[in-house]
Structure formats: structure tokens, C-alpha cells
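Report on the structure given below.
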Amino acid sequence: PRLTEFEATFTHLTGVGHAVAVSSGTAGLHLAMLALEIGAGDEVIVPSFTFIAAANAIRYVGATPVFADIDCVTLNLSPAAVERAINSRTRAIVAVHTFGVPADMPALVALARRHQLVLIEDACEALGATIDSQPIGTFGDVAVFAFYPNKQITTGEGGTIVTRDPGLAVYMRSLRNQGRAPTDSWLQH
């Protein structure tokens, strides 16, 4: 019951319709990649300056991380560098909000739409951050928050994925729980 309550509180806090609690921010990034069907042969653009979990989650699904340069002031992805890195194998962009400073989401959203790419927000360090009053975590297809002891709030460990897509949320809940559907019994997998 506490997990369901936490997820509901998180959807209210972020303004995104669905929250899926997981064991860590890394697990959240991994589940997001799986649910978005990113895999072998795909490339995912990620900042050249970030925690290794962002690149590891890409590798966990067999995709290739492509490192793009960062802005020297914000330490976040440079939209111009992202544009230069896009090719026919590019499937997604992971925008990391480094140290809680929002990435240039309007520019990254425009790039993702123009090139029909998935946009994942690594908001692990950015709970409560906004751009023009719009909360971080509401720009991409999915966003991942983390609750490790060095984050804005902590549960000792843990993370949460948020999305507006109800089908994606159901699928990620299934993936976090041995592939069970919401109506399955404990031993049905």
C-alpha cells in the first residue's frame, strides 16, 4: 500500500500521469530502455559528462552510447552537439539534468521531434527543478528520478520512472515484477 501511495504522491508532485517505483535510478533507466524497445543496433546520445549509470543502462539493452559534448556553463548536453551526433542508427537522447540544473529541454524536445527520437530525461538529481514553471520530468517520453542518499529526497535507495503513457507504465510495472500483468497471480509469470 505504501508503494501505491508513494507513486500517487509522485504523480501529483511531478504533474506526470503515471509513476513506477523501482529499486534505483539505474534500474529506472534500464526499464525505460527496455520498455521503449531500445536494443541492439540502436544508438543513444548521452552527455559526455554524466554518472556512468546513463551509459550502462544503454549497454544493458545492447545499444551503443554515443557521447555528445556538454555546454561548459550548465554541464548539460549541448543541443548543437546532439544534432551533430544524430545519424540513421540514433534511436534516443538521454538528457541528464546535471547537479539539478535543467538541460535545454525546449531545444532537445525540438530535436527529438524533428528526428523522431525518443527523449529520456535523467532527472535523478533534479526533483523540484523547473524550466519556465514547467517541472523537470515533464518534457520527455519518460523521466527517471533517484532517491539515493545524495539526492533531494532519499529512501535509502530507490527510484521512480514517470510517463504520460498509461500502456508504457503498465509494461514497466510488469517488467519490474517478473513480467507479471496486474491481474496475474503471484506464481504466474
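Quick note on naming: the chains in the C-alpha cells go A, B, ... in the order shown, residues restart at 1 in each chain, and ligands are numbered from 1 in order of appearance.
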
* Skipping near chain neighbours, those fewer than 3 positions away, what residues fall within 10 Å of A:Ala32 using only C-alpha atoms, listed as a PyMOL selection string? -> chain A and resi 26-29+35-38+57-58+120+141-144+161-163+168-169+171-172+175

- Message: Could you go through stretch 59-112 of chain A and tell me which residues DSSP, when run on the backbone, assigns to helix (DSSP H, G or I), listing them as a PyMOL selection string?
- Response: chain A and resi 59-60+79-85+98-100+105-112

Going by DSSP on the backbone, which bits of stretch 49-185 of chain A are strand (DSSP E or B)? Write them as a ChimeraX atom specification, please.
/A:64-68,70,77,90-96,118-122,130-131,134-135,142-146,159-163

>> Which residues are near stretch 9-19 of chain A? Cut-off 12 Å, only C-alpha atoms, ignore same chain within fewer than 2 positions. Put them as a ChimeraX atom specification.
In response: /A:2-7,21-22,28,32,123,126-130,133-146,153,159-173

For C-alpha atoms, I'd like the residues from the last selection saved as a tab-separated table (two decimals), in the first residue's frame.
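So part-v3.tsv came out as:
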```
chain	number	residue	atom	x	y	z
A	2	ARG	CA	2.86	2.44	0.72
A	3	LEU	CA	4.32	1.90	-2.76
A	4	THR	CA	0.99	2.77	-4.41
A	5	GLU	CA	0.68	5.81	-2.13
A	6	PHE	CA	4.23	6.91	-2.98
A	7	GLU	CA	3.59	6.55	-6.73
A	21	ALA	CA	8.73	2.99	-8.42
A	22	VAL	CA	11.88	0.92	-8.88
A	28	GLY	CA	14.68	3.07	-13.86
A	32	ALA	CA	12.79	2.70	-19.60
A	123	ALA	CA	16.21	13.70	-13.67
A	126	ALA	CA	16.63	17.36	-10.43
A	127	LEU	CA	13.50	16.73	-8.38
A	128	GLY	CA	11.79	20.11	-7.99
A	129	ALA	CA	13.68	21.85	-10.81
A	130	THR	CA	11.67	23.71	-13.44
A	133	SER	CA	7.50	26.90	-14.24
A	134	GLN	CA	7.29	23.53	-16.06
A	135	PRO	CA	8.63	20.74	-13.85
A	136	ILE	CA	11.61	18.72	-14.97
A	137	GLY	CA	10.41	15.24	-15.86
A	138	THR	CA	7.50	16.52	-17.95
A	139	PHE	CA	9.38	17.18	-21.19
A	140	GLY	CA	10.47	13.71	-22.38
A	141	ASP	CA	8.73	10.45	-23.21
A	142	VAL	CA	9.86	9.17	-19.82
A	143	ALA	CA	11.83	10.62	-16.94
A	144	VAL	CA	13.73	8.88	-14.17
A	145	PHE	CA	14.26	10.18	-10.64
A	146	ALA	CA	16.50	8.65	-7.96
A	153	ILE	CA	14.84	13.18	-1.14
A	159	GLY	CA	13.96	5.48	-8.00
A	160	THR	CA	10.84	6.30	-9.96
A	161	ILE	CA	10.04	6.43	-13.65
A	162	VAL	CA	7.33	8.84	-14.81
A	163	THR	CA	5.44	8.84	-18.11
A	164	ARG	CA	2.22	10.15	-19.60
A	165	ASP	CA	1.73	6.88	-21.50
A	166	PRO	CA	-0.51	4.52	-19.49
A	167	GLY	CA	0.45	1.48	-21.60
A	168	LEU	CA	4.13	2.15	-21.07
A	169	ALA	CA	3.54	2.45	-17.31
A	170	VAL	CA	1.71	-0.88	-17.19
A	171	TYR	CA	4.52	-2.53	-19.17
A	172	MET	CA	7.22	-1.09	-16.88
A	173	ARG	CA	5.31	-2.27	-13.79
```

Would you write out, as JSON lines, a table of all residues in stretch 101-147 of chain A that have an atom no more than 8 Å from an atom of stretch 61-76 of chain A, listing for each the closest atom pair and the distance in Å to one decimal, considering only C-alpha atoms and ordering rows by chain and rising residue number?
```
{"residue": "A:Val101", "atom": "CA", "partner": "A:Thr74", "partner_atom": "CA", "distance": 6.7}
{"residue": "A:Pro102", "atom": "CA", "partner": "A:Asn76", "partner_atom": "CA", "distance": 7.8}
{"residue": "A:Ala103", "atom": "CA", "partner": "A:Asn76", "partner_atom": "CA", "distance": 5.4}
{"residue": "A:Asp104", "atom": "CA", "partner": "A:Asn76", "partner_atom": "CA", "distance": 7.8}
```

Please produce an output containing all heavy atoms for each residue in the selection, written as an mmCIF file, in the first residue's frame.
```cif
data_model
loop_
_atom_site.group_PDB
_atom_site.id
_atom_site.type_symbol
_atom_site.label_atom_id
_atom_site.label_comp_id
_atom_site.auth_asym_id
_atom_site.auth_seq_id
_atom_site.Cartn_x
_atom_site.Cartn_y
_atom_site.Cartn_z
ATOM 1 N N VAL A 101 20.641 21.102 -12.442
ATOM 2 C CA VAL A 101 20.496 22.208 -13.394
ATOM 3 C C VAL A 101 19.787 21.661 -14.634
ATOM 4 O O VAL A 101 20.274 20.722 -15.262
ATOM 5 C CB VAL A 101 21.877 22.789 -13.793
ATOM 6 C CG1 VAL A 101 21.725 23.853 -14.868
ATOM 7 C CG2 VAL A 101 22.585 23.337 -12.563
ATOM 8 N N PRO A 102 18.644 22.224 -15.001
ATOM 9 C CA PRO A 102 17.904 21.693 -16.146
ATOM 10 C C PRO A 102 18.690 21.798 -17.456
ATOM 11 O O PRO A 102 19.327 22.812 -17.739
ATOM 12 C CB PRO A 102 16.650 22.561 -16.207
ATOM 13 C CG PRO A 102 16.475 23.076 -14.812
ATOM 14 C CD PRO A 102 17.883 23.278 -14.301
ATOM 15 N N ALA A 103 18.624 20.730 -18.230
ATOM 16 C CA ALA A 103 19.171 20.750 -19.589
ATOM 17 C C ALA A 103 18.278 21.645 -20.445
ATOM 18 O O ALA A 103 17.163 22.005 -20.041
ATOM 19 C CB ALA A 103 19.208 19.329 -20.145
ATOM 20 N N ASP A 104 18.740 21.992 -21.625
ATOM 21 C CA ASP A 104 17.970 22.844 -22.539
ATOM 22 C C ASP A 104 16.872 22.002 -23.179
ATOM 23 O O ASP A 104 16.956 21.591 -24.346
ATOM 24 C CB ASP A 104 18.899 23.444 -23.600
ATOM 25 C CG ASP A 104 18.188 24.445 -24.501
ATOM 26 O OD1 ASP A 104 16.944 24.543 -24.461
ATOM 27 O OD2 ASP A 104 18.892 25.122 -25.274
#
```

Near A:Ala107, counting only C-alpha atoms, which residues have an atom at most 10 Å away, once you skip same-chain residues fewer than 6 positions from it, shown as a tab-separated table (two decimals) with C-alpha atoms, in the first residue's frame?
```
chain	number	residue	atom	x	y	z
A	78	SER	CA	24.81	20.82	-25.95
A	79	PRO	CA	21.87	20.73	-28.41
A	80	ALA	CA	24.29	21.60	-31.24
```
